[in-house]
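K.L.:
Quick one: this structure, given as structure tokens, is what I'll be asking you about.
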Protein chains: 2
Amino acid sequence: MKHYAKPLSRLIGELSKLPGIGGKSAQRLAFHILAMEDKDADALAEAITDAKKKMKYCSVCGNLTDEDPCSICSDPSRRRDVICVVESPRDVAAMERIKEFNGIYHVLHGAISPMDGIGPEEINLRQLIIRLQKSDVREIILATNPNIEGEATAMYIARLVKPSGIKVSRIAHGIPVGGDLEYADEVTLLKAMEGRREL
Amino acid sequence: MKHYAKPLSRLIGELSKLPGIGGKSAQRLAFHILAMEDKDADALAEAITDAKKKMKYCSVCGNLTDEDPCSICSDPSRRRDVICVVESPRDVAAMERIKEFNGIYHVLHGAISPMDGIGPEEINLRQLIIRLQKSDVREIILATNPNIEGEATAMYIARLVKPSGIKVSRIAHGIPVGGDLEYADEVTLLKAMEGRREL
């Protein structure tokens with residue numbers, strides 16, 4: 001980046017640290033930022049520091065929030081007897097988008113992955129068990145990702161929670177809506193067959 | 001974005017204004033920023049405001065710089081009798097990368113494009129003419145982009161400058177190195193034939 005003046009090459013450097021932003025994209029973004037109105041560039045910089053300062057994790061469910069407890073945990077209209085367990089705050093947002101689930105969440109902040117040295121202690125699991133002991137939860141829905149780590153995490157939690165008599169369910173695997181049977185991988189197709197329902 | 005707390009949705013909003021960053025990418029970036037170390041996020045925000053504050057256009061050549069005149073214009077080792085005319089500061093960086101050109105630059109900040117209402121007055125052209133009158137330039141190399149606007153701009157400048165006796169040249173068009181003759185478009189192939197050189 002020696003062909004650019006220092007403030008510009010520094011900006012390119014910082015931008016290229018972001019995921020999915022390579023050197024070329026970082027350059028394009030940097031030039032765009034320099035061409036932006038002063039107030040727009042300030043707004044971007046401020047949004048970064050502001051979000052970083054104000055966003056924290058909900059002490060109840062672990063979701064990202066600017067108030068504690070988060071707006072979902074403190075919403076009186078939501079059922080408190082169903083907890084949906086997800087891996088990340090992004091998954092909470094995805095769930096909320098379908099506008100179907102009216103319970104509360106628990107964010108694990110990861111999944112069990114022995115290969116990466118992430119055991120049950122490294123994710124937000126102990127807090128879930130404490131929540132289950134303290135409240136009258138009737139069902140937990142395991143909505144971890146349908147990959148090896150997510151499945152292992154779901155299995156682990158299911159084995160841990162089931163003895164307490166709480167209903168434990170797992171979101172369905174199968175062919176995505178609009179998907180093509182022909183192109184579905186075998187495991188997905190197998191899961192779709194296993195999970196078939198009578199019409 | 002109503003599923004996210006305000007500081008987060010504001011950050012997502014600001015990020016999605018950047019070119020090539022859609023809603024999904026903006027979300028991914030925002031979550032990444034929130035997961036970053038405080039000092040790294042601060043460094044990013046600061047790089048934005050800092051670059052925005054310090055970078056300006058060189059009063060001589062119009063290149064982006066943090067000092068005026070820019071490091072190229074003030075470099076005593078560079079020839080002052082050859083000016084390479086480019087459309088944008090990015091093109092200066094591209095030229096500098098090949099480490100071949102040892103003259104100075106002139107950045108037009110655009111190209112003539114009557115369709116978009118951009119005439120010769122709207123680009124940094126008057127300043128070029130003033131530079132040519134004041135100094136002993138022997139050659140100007142027109143390195144505007146090889147598209148309609150860039151060609152039109154090059155033609156316009158050539159017609160303007162040639163009567164003064166200054167040599168005017170245009171960078172070569174042709175098959176890119178590593179390119180495939182078969183896949184070259186006709187105009188490029190025509191230019192490559194026209195520009196053939198005796199070996």
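Naming scheme: A, B, ... for chains in displayed order of the structure tokens; residues 1 onward per chain; ligands 1 onward as shown.
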Against chain B, which residues of chain A fall within 8 Å? For each one I want the closest pair of atoms and the distance in Å (one decimal), counting only C-alpha atoms, rows by chain and increasing residue number, as a tab-separated table.
P.N.:
```
residue	atom	partner	partner_atom	distance
A:His3	CA	B:Ala93	CA	5.6
A:Tyr4	CA	B:Ala93	CA	7.0
A:Ala5	CA	B:Thr65	CA	5.7
A:Lys6	CA	B:Asp66	CA	7.5
A:Pro7	CA	B:Ala51	CA	4.7
A:Leu8	CA	B:Ala51	CA	5.6
A:Arg10	CA	B:Ala47	CA	6.4
A:Leu11	CA	B:Ala47	CA	5.0
A:Glu14	CA	B:Leu44	CA	5.5
A:Leu15	CA	B:Leu44	CA	7.1
A:Leu18	CA	B:Leu29	CA	6.8
A:Pro19	CA	B:Leu29	CA	6.8
A:Leu29	CA	B:Leu18	CA	6.8
A:His32	CA	B:Leu18	CA	7.5
A:Ile33	CA	B:Lys52	CA	7.5
A:Leu34	CA	B:Lys52	CA	5.6
A:Asp38	CA	B:Lys52	CA	7.2
A:Ala41	CA	B:Thr49	CA	6.9
A:Asp42	CA	B:Thr49	CA	6.3
A:Ala43	CA	B:Glu14	CA	7.3
A:Leu44	CA	B:Glu14	CA	5.5
A:Ala45	CA	B:Ala45	CA	4.4
A:Glu46	CA	B:Ala45	CA	7.0
A:Ala47	CA	B:Leu11	CA	4.9
A:Ile48	CA	B:Leu11	CA	6.1
A:Thr49	CA	B:Asp42	CA	6.3
A:Asp50	CA	B:Pro7	CA	6.5
A:Ala51	CA	B:Pro7	CA	4.7
A:Lys52	CA	B:Leu34	CA	5.6
A:Lys54	CA	B:Pro7	CA	6.9
A:Met55	CA	B:Pro7	CA	6.9
A:Leu64	CA	B:Ala5	CA	7.7
A:Thr65	CA	B:Ala5	CA	5.7
A:Asp66	CA	B:Ala5	CA	6.0
A:Ala93	CA	B:His3	CA	5.6
A:Glu96	CA	B:His3	CA	6.5
A:Arg97	CA	B:His3	CA	7.3
```
K.L.:
Could you dump the residues just selected with N, CA and C atoms as a compact mmCIF listing (two decimals), in the first residue's frame?
P.N.:
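Below is the file out.txt, written as the result:
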```
# COMPACT_ATOMS: atom_id res chain seq x y z
N HIS A 3 1.78 3.08 -2.18
CA HIS A 3 1.44 4.10 -3.16
C HIS A 3 0.37 5.03 -2.63
N TYR A 4 -0.13 4.73 -1.45
CA TYR A 4 -1.15 5.59 -0.87
C TYR A 4 -0.56 6.33 0.32
N ALA A 5 -1.10 7.51 0.57
CA ALA A 5 -0.68 8.26 1.75
C ALA A 5 -1.08 7.48 3.00
N LYS A 6 -0.40 7.77 4.11
CA LYS A 6 -0.57 6.98 5.33
C LYS A 6 -2.00 6.86 5.82
N PRO A 7 -2.75 7.96 5.95
CA PRO A 7 -4.12 7.81 6.49
C PRO A 7 -4.97 6.90 5.60
N LEU A 8 -4.74 6.97 4.31
CA LEU A 8 -5.52 6.14 3.38
C LEU A 8 -5.11 4.68 3.48
N ARG A 10 -3.80 3.25 5.98
CA ARG A 10 -4.24 2.75 7.28
C ARG A 10 -5.71 2.35 7.22
N LEU A 11 -6.52 3.20 6.57
CA LEU A 11 -7.95 2.89 6.42
C LEU A 11 -8.13 1.60 5.61
N GLU A 14 -7.28 -1.34 7.84
CA GLU A 14 -8.31 -1.67 8.83
C GLU A 14 -9.51 -2.32 8.16
N LEU A 15 -9.90 -1.81 7.02
CA LEU A 15 -11.07 -2.37 6.32
C LEU A 15 -10.80 -3.79 5.85
N LEU A 18 -11.68 -6.88 7.94
CA LEU A 18 -13.06 -7.35 8.09
C LEU A 18 -13.27 -8.62 7.27
N PRO A 19 -14.18 -9.48 7.72
CA PRO A 19 -14.36 -10.75 7.02
C PRO A 19 -14.97 -10.54 5.64
N LEU A 29 -13.74 0.41 -0.94
CA LEU A 29 -14.49 0.98 0.17
C LEU A 29 -13.81 2.25 0.68
N HIS A 32 -14.40 5.06 -1.54
CA HIS A 32 -15.80 5.47 -1.41
C HIS A 32 -15.98 6.32 -0.16
N ILE A 33 -15.37 5.89 0.94
CA ILE A 33 -15.50 6.63 2.20
C ILE A 33 -14.92 8.03 2.04
N LEU A 34 -13.78 8.13 1.36
CA LEU A 34 -13.17 9.45 1.16
C LEU A 34 -14.06 10.34 0.30
N ASP A 38 -18.81 14.43 4.61
CA ASP A 38 -18.19 14.34 5.93
C ASP A 38 -19.13 13.75 6.96
N ALA A 41 -19.55 9.94 6.67
CA ALA A 41 -18.40 9.20 7.15
C ALA A 41 -18.37 9.22 8.68
N ASP A 42 -18.69 10.39 9.24
CA ASP A 42 -18.75 10.50 10.70
C ASP A 42 -19.81 9.57 11.26
N ALA A 43 -20.95 9.50 10.57
CA ALA A 43 -22.05 8.65 11.04
C ALA A 43 -21.61 7.20 11.07
N LEU A 44 -20.84 6.79 10.05
CA LEU A 44 -20.35 5.41 10.00
C LEU A 44 -19.40 5.13 11.16
N ALA A 45 -18.43 6.04 11.34
CA ALA A 45 -17.44 5.86 12.42
C ALA A 45 -18.14 5.84 13.78
N GLU A 46 -19.11 6.73 13.93
CA GLU A 46 -19.81 6.83 15.20
C GLU A 46 -20.66 5.59 15.45
N ALA A 47 -21.29 5.08 14.39
CA ALA A 47 -22.12 3.88 14.54
C ALA A 47 -21.27 2.72 15.04
N ILE A 48 -20.02 2.66 14.58
CA ILE A 48 -19.13 1.57 15.02
C ILE A 48 -18.82 1.70 16.51
N THR A 49 -18.33 2.88 16.92
CA THR A 49 -17.97 3.04 18.33
C THR A 49 -19.19 2.96 19.23
N ASP A 50 -20.30 3.52 18.74
CA ASP A 50 -21.53 3.53 19.53
C ASP A 50 -22.05 2.11 19.75
N ALA A 51 -22.12 1.34 18.69
CA ALA A 51 -22.61 -0.04 18.80
C ALA A 51 -21.69 -0.84 19.72
N LYS A 52 -20.40 -0.62 19.53
CA LYS A 52 -19.40 -1.33 20.33
C LYS A 52 -19.57 -0.99 21.82
N LYS A 54 -22.41 0.36 23.34
CA LYS A 54 -23.73 0.15 23.93
C LYS A 54 -24.22 -1.29 23.89
N MET A 55 -23.75 -2.06 22.90
CA MET A 55 -24.28 -3.42 22.79
C MET A 55 -23.58 -4.34 23.78
N LEU A 64 -27.61 -10.41 22.06
CA LEU A 64 -27.04 -9.07 21.98
C LEU A 64 -28.14 -8.06 22.23
N THR A 65 -27.84 -7.07 23.06
CA THR A 65 -28.88 -6.11 23.41
C THR A 65 -28.26 -4.80 23.87
N ASP A 66 -29.04 -3.73 23.86
CA ASP A 66 -28.55 -2.48 24.42
C ASP A 66 -29.18 -2.20 25.78
N ALA A 93 -32.21 -13.45 15.54
CA ALA A 93 -32.79 -12.55 14.55
C ALA A 93 -33.49 -13.33 13.44
N GLU A 96 -36.74 -14.63 14.82
CA GLU A 96 -37.70 -13.55 15.00
C GLU A 96 -38.32 -13.14 13.68
N ARG A 97 -37.53 -13.27 12.62
CA ARG A 97 -38.02 -12.86 11.31
C ARG A 97 -39.22 -13.69 10.85
```
K.L.:
Can you pull out the residues contacting Gly165 of chain B? Cut-off 12 Å, using only C-alpha atoms, and skip same-chain residues under 3 positions away; I want them as a list in words.
P.N.:
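Once the nearby chain positions are removed, what remains is Leu132, Gln133, Asp136, Val137, Arg138, Glu139, Ile140, Ala158, Arg159, Leu160, Val161, Lys162 and Val168 of chain B.
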K.L.:
Selected residues, C-alpha atoms, written as an mmCIF file, in the first residue's frame, please.
P.N.:
```cif
data_model
loop_
_atom_site.group_PDB
_atom_site.id
_atom_site.type_symbol
_atom_site.label_atom_id
_atom_site.label_comp_id
_atom_site.auth_asym_id
_atom_site.auth_seq_id
_atom_site.Cartn_x
_atom_site.Cartn_y
_atom_site.Cartn_z
ATOM 1 C CA LEU B 132 0.927 22.819 -19.421
ATOM 2 C CA GLN B 133 1.190 26.561 -20.048
ATOM 3 C CA ASP B 136 8.063 22.680 -19.909
ATOM 4 C CA VAL B 137 6.069 19.525 -20.435
ATOM 5 C CA ARG B 138 7.212 17.560 -23.489
ATOM 6 C CA GLU B 139 4.712 14.737 -23.470
ATOM 7 C CA ILE B 140 1.354 13.927 -21.983
ATOM 8 C CA ALA B 158 -5.530 15.467 -27.569
ATOM 9 C CA ARG B 159 -7.301 17.989 -29.786
ATOM 10 C CA LEU B 160 -6.900 20.672 -27.129
ATOM 11 C CA VAL B 161 -3.205 20.101 -26.448
ATOM 12 C CA LYS B 162 -1.752 19.109 -29.824
ATOM 13 C CA VAL B 168 0.300 13.534 -26.902
#
```
K.L.:
Could you tell me, as JSON, numbers by chain, which residues of segment 6-179 of chain A DSSP assigns to alpha helix (DSSP H) when given the backbone?
P.N.:
{"A": [6, 7, 8, 9, 10, 11, 12, 13, 14, 15, 23, 24, 25, 26, 27, 28, 29, 30, 31, 32, 33, 34, 35, 38, 39, 40, 41, 42, 43, 44, 45, 46, 47, 48, 49, 50, 51, 52, 53, 54, 89, 90, 91, 92, 93, 94, 95, 96, 97, 126, 127, 128, 129, 130, 131, 132, 133, 134, 148, 149, 150, 151, 152, 153, 154, 155, 156, 157, 158, 159, 160, 161]}
K.L.:
Which residue out of B:Ile98, B:Val187, B:Ile166, B:Val85 has the minimum interatomic distance to Thr153 of chain B when only C-alpha atoms are used?
P.N.:
B:Val85
K.L.:
One decimal, in Å: what's the spacing between atom CA of Arg78 of chain A and atom CA of Phe101 of chain A?
P.N.:
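Atom CA of Arg78 of chain A sits 9.1 Å away from atom CA of Phe101 of chain A.
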K.L.:
Just list as a PyMOL selection string whatever in chain A DSSP marks as strand (DSSP E or B).
P.N.:
chain A and resi 56-57+64-65+82-86+104-107+113+118+139-142+167-170
K.L.:
Go ahead and write the residues just picked, C-alpha atoms, as a CSV table (one decimal), in the first residue's frame.
P.N.:
```csv
chain,number,residue,atom,x,y,z
A,56,LYS,CA,-23.8,-6.1,25.4
A,57,TYR,CA,-25.1,-9.6,26.1
A,64,LEU,CA,-27.0,-9.1,22.0
A,65,THR,CA,-28.9,-6.1,23.4
A,82,VAL,CA,-40.7,-22.4,26.0
A,83,ILE,CA,-37.0,-21.7,25.4
A,84,CYS,CA,-35.5,-21.8,22.0
A,85,VAL,CA,-31.8,-22.6,22.2
A,86,VAL,CA,-29.6,-21.2,19.4
A,104,ILE,CA,-37.9,-16.8,24.9
A,105,TYR,CA,-34.4,-17.7,23.8
A,106,HIS,CA,-31.1,-18.9,25.1
A,107,VAL,CA,-28.0,-18.1,23.1
A,113,SER,CA,-16.6,-28.8,19.0
A,118,ILE,CA,-14.7,-26.2,22.6
A,139,GLU,CA,-40.2,-27.3,26.5
A,140,ILE,CA,-36.8,-26.4,25.1
A,141,ILE,CA,-36.5,-26.3,21.3
A,142,LEU,CA,-32.9,-27.1,20.2
A,167,LYS,CA,-39.8,-31.7,26.9
A,168,VAL,CA,-36.8,-31.4,24.5
A,169,SER,CA,-37.4,-31.0,20.8
A,170,ARG,CA,-35.2,-30.4,17.8
```
K.L.:
Measuring between only C-alpha atoms, which one of A:Gly22, A:Ile171, A:Ile129, A:Met115 shows the shortest distance to Glu151 of chain A?
P.N.:
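Among the listed residues, A:Ile171 lies closest to Glu151 of chain A.
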K.L.:
When you draw a straight line from atom CA of Ala172 of chain A to atom CA of Arg197 of chain A, how long is it in Å?
P.N.:
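We find that atom CA of Ala172 of chain A and atom CA of Arg197 of chain A lie 11.2 Å from each other.
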K.L.:
Calculate how many Å separate atom CA of Glu194 of chain B from atom CA of Gly150 of chain B, rounding to one decimal.
P.N.:
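Atom CA of Glu194 of chain B sits 18.8 Å away from atom CA of Gly150 of chain B.
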K.L.:
Smallest atom-to-atom distance to Cys61 of chain A: which of A:Asn102, A:Asn124, A:Thr188, A:Ser164, using only C-alpha atoms?
P.N.:
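Nearest to Cys61 of chain A: A:Asn124.
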